[in-house]
>>> print(open('my_file.cif').read())   # mmCIF, C-alpha atoms and all ligand atoms
data_protein
loop_
_atom_site.label_atom_id
_atom_site.label_comp_id
_atom_site.auth_asym_id
_atom_site.auth_seq_id
_atom_site.Cartn_x
_atom_site.Cartn_y
_atom_site.Cartn_z
CA MET A 19 1.13 -21.62 10.42
CA PRO A 20 -2.41 -20.17 10.11
CA LYS A 21 -4.64 -21.92 7.58
CA TYR A 22 -7.71 -20.46 5.85
CA ASP A 23 -10.17 -21.40 3.12
CA ILE A 24 -9.37 -18.16 1.30
CA VAL A 25 -6.48 -15.73 1.55
CA ILE A 26 -7.13 -12.33 -0.05
CA VAL A 27 -4.23 -9.96 -0.70
CA GLY A 28 -4.99 -6.23 -0.85
CA GLY A 29 -6.76 -3.89 1.54
CA GLY A 30 -8.15 -1.55 -1.11
CA CYS A 31 -11.78 -1.25 -2.21
CA VAL A 32 -11.61 -4.36 -4.41
CA GLY A 33 -10.00 -6.64 -1.79
CA CYS A 34 -12.29 -5.37 0.99
CA SER A 35 -15.43 -5.61 -1.17
CA THR A 36 -14.46 -9.17 -2.13
CA ALA A 37 -13.91 -9.99 1.57
CA LYS A 38 -17.28 -8.49 2.52
CA HIS A 39 -19.12 -10.48 -0.14
CA LEU A 40 -17.30 -13.76 0.60
CA ALA A 41 -17.85 -13.33 4.33
CA GLU A 42 -21.62 -13.40 3.78
CA ASP A 43 -21.01 -17.16 3.74
CA ARG A 44 -20.25 -17.69 7.44
CA GLU A 45 -18.84 -21.17 6.78
CA LEU A 46 -15.72 -19.78 5.10
CA ASP A 47 -12.50 -18.95 7.00
CA ILE A 48 -11.04 -15.89 5.33
CA ALA A 49 -7.86 -13.87 5.80
CA LEU A 50 -7.08 -10.49 4.24
CA VAL A 51 -3.41 -9.56 4.01
CA GLU A 52 -2.31 -5.94 3.56
CA LYS A 53 1.26 -4.66 3.54
CA GLU A 54 0.44 -1.24 4.99
CA HIS A 55 -0.70 -0.60 8.54
CA ARG A 56 -3.84 1.09 7.25
CA LEU A 57 -6.43 0.29 4.59
CA ALA A 58 -6.95 2.27 1.38
CA ALA A 59 -3.36 3.52 1.55
CA HIS A 60 -2.89 3.50 -2.22
CA GLN A 61 -5.33 3.87 -5.14
CA SER A 62 -8.46 3.44 -3.02
CA GLY A 63 -7.54 6.34 -0.76
CA ARG A 64 -5.74 8.53 -3.28
CA ASN A 65 -8.35 9.23 -5.93
CA SER A 66 -10.95 11.86 -6.79
CA GLY A 67 -13.67 10.08 -4.84
CA VAL A 68 -16.17 10.46 -7.66
CA LEU A 69 -18.97 8.05 -8.42
CA HIS A 70 -18.94 7.92 -12.22
CA PRO A 71 -22.41 6.75 -13.25
CA GLY A 72 -21.21 5.45 -16.61
CA PHE A 73 -22.27 8.04 -19.17
CA ASN A 74 -19.10 7.79 -21.21
CA TYR A 75 -18.30 4.08 -21.13
CA GLU A 76 -18.85 1.79 -24.08
CA PRO A 77 -22.39 0.41 -23.93
CA GLY A 78 -22.41 -3.28 -23.13
CA SER A 79 -18.93 -3.23 -21.57
CA THR A 80 -18.30 -4.66 -18.13
CA LYS A 81 -17.06 -1.25 -17.06
CA ALA A 82 -20.33 0.43 -18.06
CA ARG A 83 -22.39 -2.23 -16.29
CA PHE A 84 -20.32 -2.14 -13.08
CA ALA A 85 -20.19 1.69 -13.05
CA THR A 86 -23.96 2.19 -13.39
CA GLU A 87 -24.79 -0.55 -10.91
CA GLY A 88 -21.92 0.48 -8.62
CA THR A 89 -23.12 4.10 -8.45
CA THR A 90 -26.64 3.12 -7.42
CA ARG A 91 -25.44 0.54 -4.92
CA MET A 92 -22.79 2.72 -3.35
CA LYS A 93 -25.29 5.56 -2.80
CA ALA A 94 -27.58 3.17 -0.91
CA TYR A 95 -24.63 1.66 1.02
CA ALA A 96 -23.33 5.10 2.03
CA ASN A 97 -26.81 6.21 3.12
CA GLU A 98 -27.32 3.11 5.26
CA ARG A 99 -23.96 3.47 6.94
CA ASP A 100 -23.45 7.20 7.26
CA ILE A 101 -20.52 7.32 4.88
CA PRO A 102 -20.08 10.90 3.63
CA LEU A 103 -21.57 11.14 0.12
CA ARG A 104 -22.85 14.20 -1.74
CA GLU A 105 -25.01 13.89 -4.84
CA PHE A 106 -23.55 16.92 -6.60
CA GLY A 107 -23.97 15.93 -10.24
CA VAL A 108 -21.42 16.89 -12.88
CA VAL A 109 -21.23 19.25 -15.83
CA VAL A 110 -19.10 18.06 -18.75
CA VAL A 111 -18.14 21.28 -20.47
CA ALA A 112 -17.58 21.73 -24.22
CA THR A 113 -15.30 24.66 -25.00
CA THR A 114 -15.03 24.15 -28.79
CA ALA A 115 -17.46 23.32 -31.60
CA ALA A 116 -15.91 19.87 -31.97
CA GLU A 117 -16.41 19.16 -28.26
CA GLU A 118 -19.98 20.40 -28.48
CA ARG A 119 -20.67 17.86 -31.23
CA ARG A 120 -19.07 15.15 -29.09
CA LEU A 121 -21.50 15.84 -26.26
CA SER A 122 -24.31 14.34 -28.37
CA SER A 123 -22.43 11.08 -28.87
CA ILE A 124 -21.67 10.94 -25.13
CA GLN A 125 -25.37 11.44 -24.48
CA GLN A 126 -26.19 8.54 -26.82
CA GLN A 127 -23.81 6.34 -24.82
CA ALA A 128 -25.44 7.54 -21.61
CA ASP A 129 -28.88 6.65 -22.99
CA ALA A 130 -27.66 3.19 -23.98
CA ASN A 131 -26.27 2.70 -20.46
CA GLY A 132 -29.50 3.95 -18.86
CA VAL A 133 -27.86 7.03 -17.33
CA GLU A 134 -29.88 10.23 -17.12
CA THR A 135 -28.23 13.25 -18.79
CA GLU A 136 -29.27 16.55 -20.28
CA ILE A 137 -27.45 18.82 -22.73
CA ILE A 138 -27.59 22.37 -21.44
CA GLY A 139 -26.67 25.67 -23.09
CA SER A 140 -24.20 28.23 -21.82
CA GLU A 141 -26.89 30.09 -19.86
CA GLU A 142 -27.93 27.08 -17.84
CA LEU A 143 -24.27 26.18 -17.38
CA GLU A 144 -23.78 29.63 -15.90
CA GLU A 145 -26.69 29.07 -13.51
CA ARG A 146 -25.20 25.79 -12.30
CA GLU A 147 -21.56 26.79 -12.33
CA PRO A 148 -21.28 30.58 -12.59
CA HIS A 149 -17.48 30.49 -12.99
CA ALA A 150 -17.24 27.78 -15.64
CA GLN A 151 -17.01 28.79 -19.26
CA GLY A 152 -18.27 26.75 -22.19
CA ARG A 153 -20.44 26.74 -25.30
CA ALA A 154 -22.60 23.95 -23.86
CA ALA A 155 -22.39 21.12 -21.34
CA LEU A 156 -23.70 17.68 -20.58
CA TYR A 157 -25.30 17.67 -17.15
CA CYS A 158 -25.48 14.34 -15.33
CA PRO A 159 -27.27 14.55 -11.98
CA GLU A 160 -26.28 11.02 -10.93
CA ALA A 161 -22.56 11.73 -10.37
CA ALA A 162 -21.61 11.99 -6.70
CA SER A 163 -18.68 12.53 -4.36
CA VAL A 164 -17.86 9.94 -1.71
CA ASP A 165 -15.28 9.64 1.06
CA SER A 166 -13.40 6.67 -0.37
CA GLN A 167 -11.33 5.94 2.74
CA GLN A 168 -14.34 5.80 5.05
CA TYR A 169 -16.07 3.59 2.50
CA VAL A 170 -13.20 1.07 2.48
CA TYR A 171 -13.08 1.04 6.29
CA GLU A 172 -16.81 0.35 6.38
CA LEU A 173 -16.41 -2.62 4.00
CA ALA A 174 -13.60 -3.91 6.21
CA LYS A 175 -15.64 -3.43 9.37
CA GLU A 176 -18.43 -5.49 7.89
CA ALA A 177 -15.99 -8.21 6.80
CA LYS A 178 -14.29 -8.23 10.21
CA ASN A 179 -17.62 -8.49 12.03
CA ALA A 180 -18.42 -11.48 9.83
CA GLY A 181 -15.20 -13.20 10.93
CA VAL A 182 -12.51 -12.16 8.40
CA ASP A 183 -9.01 -11.96 9.96
CA PHE A 184 -6.98 -8.93 8.88
CA TYR A 185 -3.18 -9.24 8.69
CA MET A 186 -2.08 -5.60 8.49
CA GLY A 187 1.57 -4.70 7.92
CA HIS A 188 2.24 -8.06 6.22
CA THR A 189 3.93 -7.83 2.83
CA VAL A 190 3.40 -10.81 0.56
CA GLU A 191 6.78 -11.75 -0.86
CA SER A 192 5.89 -14.89 -2.81
CA VAL A 193 3.01 -17.23 -3.54
CA SER A 194 3.10 -20.89 -4.57
CA ALA A 195 0.29 -23.32 -5.30
CA SER A 196 0.38 -27.09 -4.93
CA SER A 197 -2.34 -29.65 -5.66
CA SER A 198 -3.58 -29.37 -2.07
CA ASP A 199 -3.12 -25.73 -1.04
CA VAL A 200 -1.64 -22.27 -1.61
CA ARG A 201 1.22 -20.91 0.44
CA VAL A 202 1.32 -17.12 0.81
CA ARG A 203 4.70 -16.10 2.22
CA THR A 204 4.84 -12.73 3.92
CA ASP A 205 7.71 -10.86 5.57
CA LYS A 206 6.22 -12.01 8.92
CA GLY A 207 5.65 -15.67 8.13
CA ALA A 208 3.56 -17.86 5.82
CA ILE A 209 -0.23 -18.12 5.66
CA ASN A 210 -1.78 -21.16 4.03
CA GLY A 211 -5.05 -21.29 2.16
CA ASP A 212 -7.14 -23.51 -0.04
CA TYR A 213 -7.53 -20.59 -2.39
CA PHE A 214 -5.88 -17.23 -3.04
CA VAL A 215 -7.41 -13.95 -4.29
CA ASN A 216 -5.02 -11.38 -5.66
CA ALA A 217 -6.40 -7.84 -5.31
CA ALA A 218 -2.97 -6.22 -4.91
CA GLY A 219 -3.70 -3.19 -7.11
CA LEU A 220 -0.43 -1.71 -8.37
CA TYR A 221 1.36 -5.01 -7.70
CA ALA A 222 -1.34 -7.39 -8.96
CA ASP A 223 0.65 -8.38 -12.08
CA LYS A 224 3.72 -9.20 -9.94
CA LEU A 225 1.76 -11.48 -7.61
CA ALA A 226 -0.06 -13.10 -10.53
CA ALA A 227 3.27 -13.86 -12.21
CA GLU A 228 4.28 -15.84 -9.09
CA VAL A 229 1.85 -18.54 -10.21
CA GLY A 230 2.30 -18.00 -13.96
CA VAL A 231 -0.80 -15.85 -14.54
CA GLY A 232 -1.14 -12.65 -16.63
CA THR A 233 2.28 -12.91 -18.18
CA GLY A 234 1.16 -11.14 -21.40
CA TYR A 235 0.47 -7.95 -19.47
CA GLN A 236 2.22 -5.44 -17.28
CA ILE A 237 1.00 -2.71 -14.97
CA ILE A 238 2.36 0.70 -15.92
CA PRO A 239 2.04 3.21 -13.07
CA PHE A 240 0.64 6.60 -14.07
CA ARG A 241 0.72 9.25 -11.36
CA GLY A 242 -1.97 11.89 -11.08
CA ASP A 243 -1.10 15.08 -9.18
CA TYR A 244 -3.78 17.23 -7.62
CA TYR A 245 -3.89 20.87 -6.66
CA GLU A 246 -6.64 22.26 -4.48
CA LEU A 247 -8.31 25.65 -4.44
CA VAL A 248 -7.47 27.83 -1.45
CA PRO A 249 -10.54 28.08 0.87
CA GLU A 250 -11.49 31.62 -0.16
CA ARG A 251 -11.66 30.57 -3.86
CA ARG A 252 -13.59 27.32 -3.45
CA HIS A 253 -16.71 29.09 -4.69
CA LEU A 254 -15.22 28.85 -8.20
CA CYS A 255 -16.66 25.33 -8.34
CA ASN A 256 -19.99 24.38 -6.76
CA THR A 257 -20.07 20.74 -7.81
CA MET A 258 -17.93 19.02 -10.43
CA ILE A 259 -16.67 20.59 -13.65
CA TYR A 260 -15.22 18.20 -16.22
CA PRO A 261 -13.78 18.71 -19.70
CA THR A 262 -15.29 16.85 -22.65
CA PRO A 263 -13.38 13.54 -22.79
CA ASP A 264 -11.33 12.68 -25.84
CA PRO A 265 -12.35 9.12 -26.79
CA GLU A 266 -8.84 8.39 -28.05
CA LEU A 267 -7.16 9.18 -24.75
CA PRO A 268 -7.12 6.92 -21.71
CA PHE A 269 -7.27 9.64 -19.05
CA LEU A 270 -9.72 12.44 -18.58
CA GLY A 271 -8.14 15.90 -18.62
CA VAL A 272 -7.70 18.01 -15.49
CA HIS A 273 -11.06 18.68 -13.81
CA TYR A 274 -12.60 20.28 -10.72
CA THR A 275 -14.17 18.10 -8.04
CA ARG A 276 -15.88 19.24 -4.88
CA ARG A 277 -15.21 16.63 -2.22
CA THR A 278 -17.47 15.62 0.62
CA ASP A 279 -15.32 17.67 3.04
CA GLY A 280 -15.95 20.83 0.97
CA LYS A 281 -12.45 21.02 -0.52
CA VAL A 282 -12.23 21.56 -4.27
CA ILE A 283 -9.49 19.46 -5.84
CA VAL A 284 -8.21 20.12 -9.34
CA GLY A 285 -6.57 17.35 -11.34
CA PRO A 286 -5.36 14.74 -11.79
CA ASN A 287 -2.90 14.91 -14.64
CA ALA A 288 -1.28 11.65 -15.85
CA VAL A 289 2.49 11.12 -15.91
CA LEU A 290 4.62 8.01 -15.83
CA ALA A 291 5.51 7.37 -12.18
CA PHE A 292 9.14 6.34 -11.62
CA ALA A 293 7.94 3.69 -9.16
CA ARG A 294 4.60 2.04 -8.52
CA GLU A 295 4.07 3.99 -5.34
CA ALA A 296 5.98 7.16 -6.23
CA TYR A 297 3.74 10.03 -5.14
CA ARG A 298 6.26 12.79 -5.92
CA ASN A 299 8.16 13.36 -9.13
CA THR A 300 11.43 13.15 -7.17
CA GLU A 301 10.73 9.57 -5.96
CA PHE A 302 11.87 6.56 -7.95
CA ASP A 303 12.79 2.90 -7.74
CA LEU A 304 15.44 1.85 -10.22
CA GLY A 305 14.28 -1.77 -10.48
CA GLU A 306 10.64 -0.80 -11.07
CA LEU A 307 11.62 1.89 -13.57
CA ARG A 308 13.80 -0.62 -15.42
CA ASP A 309 10.82 -3.01 -15.56
CA VAL A 310 8.75 -0.34 -17.33
CA LEU A 311 11.49 0.77 -19.69
CA SER A 312 12.30 -2.80 -20.73
CA TYR A 313 8.66 -3.63 -21.50
CA GLY A 314 7.91 -3.65 -25.24
CA GLY A 315 4.25 -2.85 -24.60
CA PHE A 316 5.22 0.42 -22.91
CA TRP A 317 7.25 1.60 -25.91
CA LYS A 318 4.53 0.60 -28.36
CA LEU A 319 2.07 2.66 -26.32
CA MET A 320 4.39 5.65 -26.13
CA MET A 321 5.22 5.59 -29.85
CA GLU A 322 1.62 6.42 -30.74
CA PRO A 323 1.90 10.03 -31.99
CA LYS A 324 -1.11 11.16 -29.92
CA MET A 325 0.28 9.56 -26.76
CA MET A 326 3.67 11.21 -27.28
CA LYS A 327 2.07 14.65 -27.50
CA VAL A 328 -0.12 14.02 -24.46
CA ALA A 329 2.79 12.56 -22.46
CA TRP A 330 4.77 15.74 -23.04
CA GLU A 331 1.86 18.01 -22.08
CA GLU A 332 1.12 15.97 -18.96
CA LEU A 333 4.78 15.98 -17.91
CA ASN A 334 4.75 19.77 -18.19
CA LYS A 335 1.68 19.94 -15.97
CA SER A 336 3.46 17.85 -13.35
CA TYR A 337 6.66 19.90 -13.26
CA LYS A 338 5.30 23.36 -14.03
CA LYS A 339 2.46 24.81 -12.03
CA LYS A 340 1.94 27.37 -14.82
CA ALA A 341 1.06 24.61 -17.31
CA PHE A 342 -1.30 22.97 -14.82
CA VAL A 343 -3.03 26.27 -14.08
CA GLU A 344 -3.37 27.01 -17.80
CA ALA A 345 -5.14 23.68 -18.37
CA SER A 346 -7.45 24.39 -15.41
CA ARG A 347 -8.27 27.88 -16.68
CA ASN A 348 -9.66 26.34 -19.85
CA LEU A 349 -12.70 25.37 -17.75
CA VAL A 350 -12.67 28.19 -15.19
CA PRO A 351 -10.97 31.24 -16.73
CA GLU A 352 -11.18 33.27 -13.51
CA ALA A 353 -8.85 30.91 -11.66
CA ARG A 354 -5.40 32.39 -11.02
CA ALA A 355 -2.12 30.72 -10.13
CA GLN A 356 -2.32 31.92 -6.51
CA ASP A 357 -5.70 30.15 -6.11
CA PHE A 358 -4.03 26.72 -6.38
CA VAL A 359 -1.94 24.92 -3.77
CA ARG A 360 -0.36 21.49 -4.18
CA SER A 361 -2.46 18.70 -2.75
CA TYR A 362 -2.05 14.91 -2.75
CA ALA A 363 -1.25 12.52 -5.63
CA GLY A 364 -2.38 9.04 -6.61
CA VAL A 365 -0.90 6.41 -8.91
CA ARG A 366 -3.14 4.51 -11.32
CA ALA A 367 -2.37 0.86 -12.06
CA GLN A 368 -2.87 0.79 -15.82
CA LEU A 369 -2.65 -2.65 -17.39
CA VAL A 370 -0.96 -2.65 -20.80
CA ASP A 371 -0.66 -5.63 -23.12
CA GLY A 372 2.38 -6.59 -25.19
CA ASN A 373 1.01 -4.64 -28.19
CA GLY A 374 0.86 -1.42 -26.24
CA GLU A 375 -2.93 -1.53 -25.88
CA LEU A 376 -4.39 -0.19 -22.65
CA VAL A 377 -6.80 -2.68 -21.11
CA LYS A 378 -9.96 -0.65 -20.60
CA ASP A 379 -12.31 -3.13 -18.95
CA PRO A 380 -11.98 -4.70 -15.51
CA MET A 381 -10.10 -7.98 -15.88
CA VAL A 382 -9.91 -11.10 -13.72
CA GLN A 383 -7.94 -14.23 -14.59
CA ASP A 384 -7.89 -17.55 -12.82
CA GLY A 385 -4.79 -19.61 -12.07
CA PRO A 386 -3.80 -22.56 -9.93
CA ARG A 387 -6.02 -22.36 -6.81
CA SER A 388 -6.25 -18.62 -7.36
CA LEU A 389 -8.08 -15.69 -8.92
CA HIS A 390 -6.26 -12.52 -9.97
CA VAL A 391 -7.75 -9.05 -10.34
CA LEU A 392 -5.31 -7.87 -12.98
CA ASN A 393 -7.17 -4.73 -13.94
CA ALA A 394 -9.30 -2.72 -11.54
CA VAL A 395 -9.10 0.27 -13.83
CA SER A 396 -10.79 3.60 -13.11
CA PRO A 397 -13.59 4.02 -12.13
CA GLY A 398 -12.63 1.08 -9.93
CA LEU A 399 -13.92 2.77 -6.79
CA THR A 400 -17.37 3.27 -8.35
CA CYS A 401 -17.37 -0.32 -9.63
CA SER A 402 -16.14 -1.90 -6.42
CA LEU A 403 -19.41 -3.24 -4.95
CA PRO A 404 -20.48 -5.21 -8.06
CA PHE A 405 -16.85 -6.01 -8.91
CA GLY A 406 -16.10 -7.45 -5.45
CA GLU A 407 -19.34 -9.41 -5.59
CA HIS A 408 -18.42 -10.77 -9.03
CA VAL A 409 -14.98 -11.87 -7.77
CA ALA A 410 -16.59 -13.51 -4.72
CA GLU A 411 -19.05 -15.41 -6.95
CA GLN A 412 -16.21 -16.64 -9.15
CA VAL A 413 -14.26 -17.82 -6.09
CA ARG A 414 -17.30 -19.73 -4.79
CA GLU A 415 -17.64 -21.47 -8.15
CA GLU A 416 -13.99 -22.48 -8.08
CA LEU A 417 -14.00 -23.75 -4.48
C1 LIG A 501 -5.46 9.53 -9.20
C2 LIG A 501 -6.62 8.56 -9.24
C3 LIG A 501 -7.92 9.06 -9.36
C4 LIG A 501 -9.00 8.15 -9.40
N1 LIG A 501 -10.27 8.66 -9.36
C5 LIG A 501 -11.30 7.81 -9.29
C6 LIG A 501 -12.62 8.29 -9.12
O1 LIG A 501 -12.86 9.48 -8.97
N2 LIG A 501 -13.64 7.39 -9.12
C7 LIG A 501 -13.42 6.06 -9.25
O2 LIG A 501 -14.40 5.29 -9.27
N3 LIG A 501 -12.17 5.55 -9.36
C8 LIG A 501 -11.12 6.39 -9.37
N4 LIG A 501 -9.85 5.90 -9.45
C9 LIG A 501 -9.65 4.46 -9.58
C10 LIG A 501 -9.76 3.74 -8.25
O3 LIG A 501 -9.17 4.47 -7.22
C11 LIG A 501 -9.10 2.36 -8.39
O4 LIG A 501 -9.61 1.72 -9.53
C12 LIG A 501 -9.35 1.47 -7.18
O5 LIG A 501 -9.05 2.17 -5.99
C13 LIG A 501 -8.53 0.20 -7.26
O6 LIG A 501 -8.69 -0.48 -6.04
P1 LIG A 501 -7.82 -1.77 -5.67
O7 LIG A 501 -8.38 -2.30 -4.43
O8 LIG A 501 -7.74 -2.64 -6.87
O9 LIG A 501 -6.33 -1.21 -5.49
P2 LIG A 501 -5.61 -0.50 -4.26
O10 LIG A 501 -6.48 0.48 -3.60
O11 LIG A 501 -4.31 0.00 -4.80
O12 LIG A 501 -5.37 -1.67 -3.23
C14 LIG A 501 -4.40 -2.66 -3.38
C15 LIG A 501 -3.80 -2.95 -2.02
O13 LIG A 501 -2.92 -4.05 -2.13
C16 LIG A 501 -1.84 -3.84 -1.25
N5 LIG A 501 -0.71 -4.66 -1.70
C17 LIG A 501 -0.04 -4.55 -2.86
N6 LIG A 501 0.95 -5.44 -2.91
C18 LIG A 501 0.91 -6.14 -1.76
C19 LIG A 501 1.71 -7.18 -1.22
N7 LIG A 501 2.75 -7.69 -1.88
N8 LIG A 501 1.41 -7.65 0.01
C20 LIG A 501 0.36 -7.15 0.72
N9 LIG A 501 -0.42 -6.15 0.25
C21 LIG A 501 -0.15 -5.64 -0.98
C22 LIG A 501 -1.58 -2.35 -1.35
O14 LIG A 501 -0.88 -1.85 -0.24
C23 LIG A 501 -2.98 -1.79 -1.47
O15 LIG A 501 -3.52 -1.38 -0.23
C24 LIG A 501 -8.75 6.77 -9.38
C25 LIG A 501 -7.45 6.28 -9.25
C26 LIG A 501 -6.40 7.17 -9.16
C27 LIG A 501 -5.01 6.64 -8.93
#
>>> encode(input="my_file.cif", output="structure tokens", more="lines below")
Ligand SMILES: Cc1cc2nc3c(=O)[nH]c(=O)nc-3n(C[C@H](O)[C@H](O)[C@H](O)COP(=O)(O)OP(=O)(O)OC[C@H]3O[C@@H](n4cnc5c(N)ncnc54)[C@H](O)[C@@H]3O)c2cc1C
Amino acid sequence: MPKYDIVIVGGGCVGCSTAKHLAEDRELDIALVEKEHRLAAHQSGRNSGVLHPGFNYEPGSTKARFATEGTTRMKAYANERDIPLREFGVVVVATTAAEERRLSSIQQQADANGVETEIIGSEELEEREPHAQGRAALYCPEAASVDSQQYVYELAKEAKNAGVDFYMGHTVESVSASSSDVRVRTDKGAINGDYFVNAAGLYADKLAAEVGVGTGYQIIPFRGDYYELVPERRHLCNTMIYPTPDPELPFLGVHYTRRTDGKVIVGPNAVLAFAREAYRNTEFDLGELRDVLSYGGFWKLMMEPKMMKVAWEELNKSYKKKAFVEASRNLVPEARAQDFVRSYAGVRAQLVDGNGELVKDPMVQDGPRSLHVLNAVSPGLTCSLPFGEHVAEQVREEL
């Protein structure tokens, strides 16, 4: 049975960033275990690929700190390593008077987080994004688009070159810790370690529970569907066009993102997924669905009047293209139904506590001979360099 100093589970951006940072210490024997045969197969490869520089995160929060630092660091990392990255900038569009007022408070948050922004009028908005419509907008030049899959592969390449062993296609079925080691049992045999890092994304709560960690929380999977603009209508969005976020809602509304490959994706919405890796609304897993429906925290969350209304609207957007297109036309009125074709989907691992509160900050908990990334909430891709480094530092302290 192979034996390592550290066994990391999860080949997404958090697991691979943790592996890269731990592997800087050449003395450590490290294994990374991933159930798929490729990296970034779930959240880290099924997202919008946007570097969110942190203009709308609570000042002083871990998320704000990781997002601002992560944006700067990832730009440098991508430049050094030829990872596709485009510094497009974003316009956050206000379509109502109330949203226009909110732009000022977002700008105050941006200032507190040290993120450069500018409030622009409708004329300048038209210069930047001729097809967007709004009374005003917040322009943030620091936002960027990155190829998230290439980024994760680059992290993994670095880790591998530094000696990390990758066990691809190995599903971890159980984990147990004794006073002397940790046993990670996979469908292809056990791997032993002195220490275990759980970066299993959508299944992080399940693996944590194996060693009695994070039992007051559960991951609720929220799917986000994307459409994309047909090639001849991609000019409707030059860069990134976002709605003004509602501070009371956990997910940003449907938005337009120009990717590094030139495609313009529109979305994501946010609907309950009927399984943790259900990328279509026809896919489900009865056991996983039962887990969600029997969780008190889920019902407390859903009983919030605002959440109920949003849940219904989001469900409509998932099942009815017309509803999705309508929401998109709020930002770009010229867009027509025939301009949109279905694209990919991603599922967000949203950690919810027993009171129905969404955990908004990144969260790591320690356990017996182990560290568990329970919440790598969006913008987890943006945050992943400082977050992985933080996890690696914590592991070194524990060892
Ligand atoms: C629709 C969507 C849009 C998003 N947009 C953005 C964005 O624009 N910008 C941004 O910064 N962030 C964005 N995010 C958030 C970001 O993608 C995530 O926060 C981040 O990818 C989380 O990374 P992770 O490594 O924790 O999880 P994952 O990428 O999900 O990786 C976990 C890995 O663990 C593996 N695993 C799970 N269980 C086991 C097991 N039992 N055995 C072995 N392996 C296992 C999985 O196969 C997976 O590869 C978005 C997320 C979604 C879903």
>>> atom_distance(input="my_file.cif", atom1="atom CA of Asp129 of chain A", atom2="atom CA of Gln61 of chain A")
29.7 Å
>>> residues_around(input="my_file.cif", residues="Tyr169 of chain A", least_positions_apart="4", cutoff="9 Å", atoms="all atoms listed in the file", output="list in words")
Cys31, Met92, Tyr95, Ala96, Ile101, Pro102, Val164, Asp165, Leu173 and Ala174 of chain A
>>> atom_distance(input="my_file.cif", atom1="atom C23 of ligand LIG 501 (chain A)", atom2="atom CA of Met186 of chain A")
10.7 Å
>>> atom_distance(input="my_file.cif", atom1="atom C22 of ligand LIG 501 (chain A)", atom2="atom CA of Thr189 of chain A")
8.8 Å
>>> closest_residue(input="my_file.cif", among="A:Thr257, A:Ser388, A:Ser312, A:Gln126", to="Ser196 of chain A", atoms="all atoms listed in the file")
A:Ser388
>>> closest_atom_pairs(input="my_file.cif", of="chain A", to="ligand LIG 501 (chain A)", cutoff="7 Å", atoms="only C-alpha atoms and all ligand atoms", output="CSV")
residue,atom,partner,partner_atom,distance
A:Val27,CA,A:LIG501,N9,5.5
A:Gly28,CA,A:LIG501,O13,3.3
A:Gly29,CA,A:LIG501,O15,4.5
A:Gly30,CA,A:LIG501,O7,3.4
A:Cys31,CA,A:LIG501,O7,4.2
A:Val32,CA,A:LIG501,O7,3.8
A:Gly33,CA,A:LIG501,O7,5.3
A:Val51,CA,A:LIG501,C20,5.6
A:Glu52,CA,A:LIG501,N9,3.8
A:Lys53,CA,A:LIG501,C20,3.9
A:Glu54,CA,A:LIG501,O14,5.4
A:Leu57,CA,A:LIG501,O15,5.9
A:Ala58,CA,A:LIG501,O15,5.3
A:Ala59,CA,A:LIG501,O15,5.2
A:His60,CA,A:LIG501,O11,4.6
A:Gln61,CA,A:LIG501,O10,3.9
A:Ser62,CA,A:LIG501,O5,3.3
A:Gly63,CA,A:LIG501,O10,6.6
A:Arg64,CA,A:LIG501,C27,6.0
A:Asn65,CA,A:LIG501,C3,3.5
A:Ser66,CA,A:LIG501,O1,3.8
A:Gly67,CA,A:LIG501,O1,4.3
A:Val68,CA,A:LIG501,O1,3.7
A:Leu69,CA,A:LIG501,O2,5.4
A:His70,CA,A:LIG501,O2,6.0
A:His188,CA,A:LIG501,C20,5.9
A:Thr189,CA,A:LIG501,N8,3.8
A:Val190,CA,A:LIG501,N8,3.8
A:Glu191,CA,A:LIG501,N7,5.8
A:Ala217,CA,A:LIG501,O8,5.6
A:Ala218,CA,A:LIG501,O13,3.5
A:Gly219,CA,A:LIG501,O9,3.7
A:Leu220,CA,A:LIG501,O11,5.5
A:Tyr221,CA,A:LIG501,N6,4.8
A:Ala222,CA,A:LIG501,N6,6.8
A:Leu225,CA,A:LIG501,N7,6.9
A:Arg241,CA,A:LIG501,C1,6.6
A:Gly242,CA,A:LIG501,C1,4.6
A:Pro286,CA,A:LIG501,C1,5.8
A:Ala363,CA,A:LIG501,C1,6.3
A:Gly364,CA,A:LIG501,C1,4.1
A:Val365,CA,A:LIG501,C27,4.1
A:Arg366,CA,A:LIG501,C27,3.7
A:Ala394,CA,A:LIG501,O4,4.9
A:Val395,CA,A:LIG501,O4,4.6
A:Ser396,CA,A:LIG501,C9,3.8
A:Pro397,CA,A:LIG501,O2,3.2
A:Gly398,CA,A:LIG501,O4,3.1
A:Leu399,CA,A:LIG501,O2,3.6
A:Thr400,CA,A:LIG501,O2,3.7
A:Cys401,CA,A:LIG501,O2,6.4
>>> closest_residue(input="my_file.cif", among="A:Ile26, A:Cys34, A:Val111, A:Leu392", to="Arg201 of chain A", atoms="all atoms listed in the file")
A:Ile26
>>> closest_atom_pairs(input="my_file.cif", of="segment 211-266 of chain A", to="segment 44-49 of chain A", cutoff="12 Å", atoms="all atoms listed in the file", output="Markdown table")
| residue | atom | partner | partner_atom | distance |
| --- | --- | --- | --- | --- |
| A:Gly211 | CA | A:Ile48 | CA | 8.7 |
| A:Asp212 | CA | A:Asp47 | CA | 10.0 |
| A:Tyr213 | CA | A:Ile48 | CA | 9.7 |
| A:Phe214 | CA | A:Ala49 | CA | 9.7 |
| A:Val215 | CA | A:Ala49 | CA | 10.1 |
>>> closest_residue(input="my_file.cif", among="A:Ala112, A:Ile209, A:Asp379, A:Glu117", to="Pro77 of chain A", atoms="only C-alpha atoms")
A:Asp379
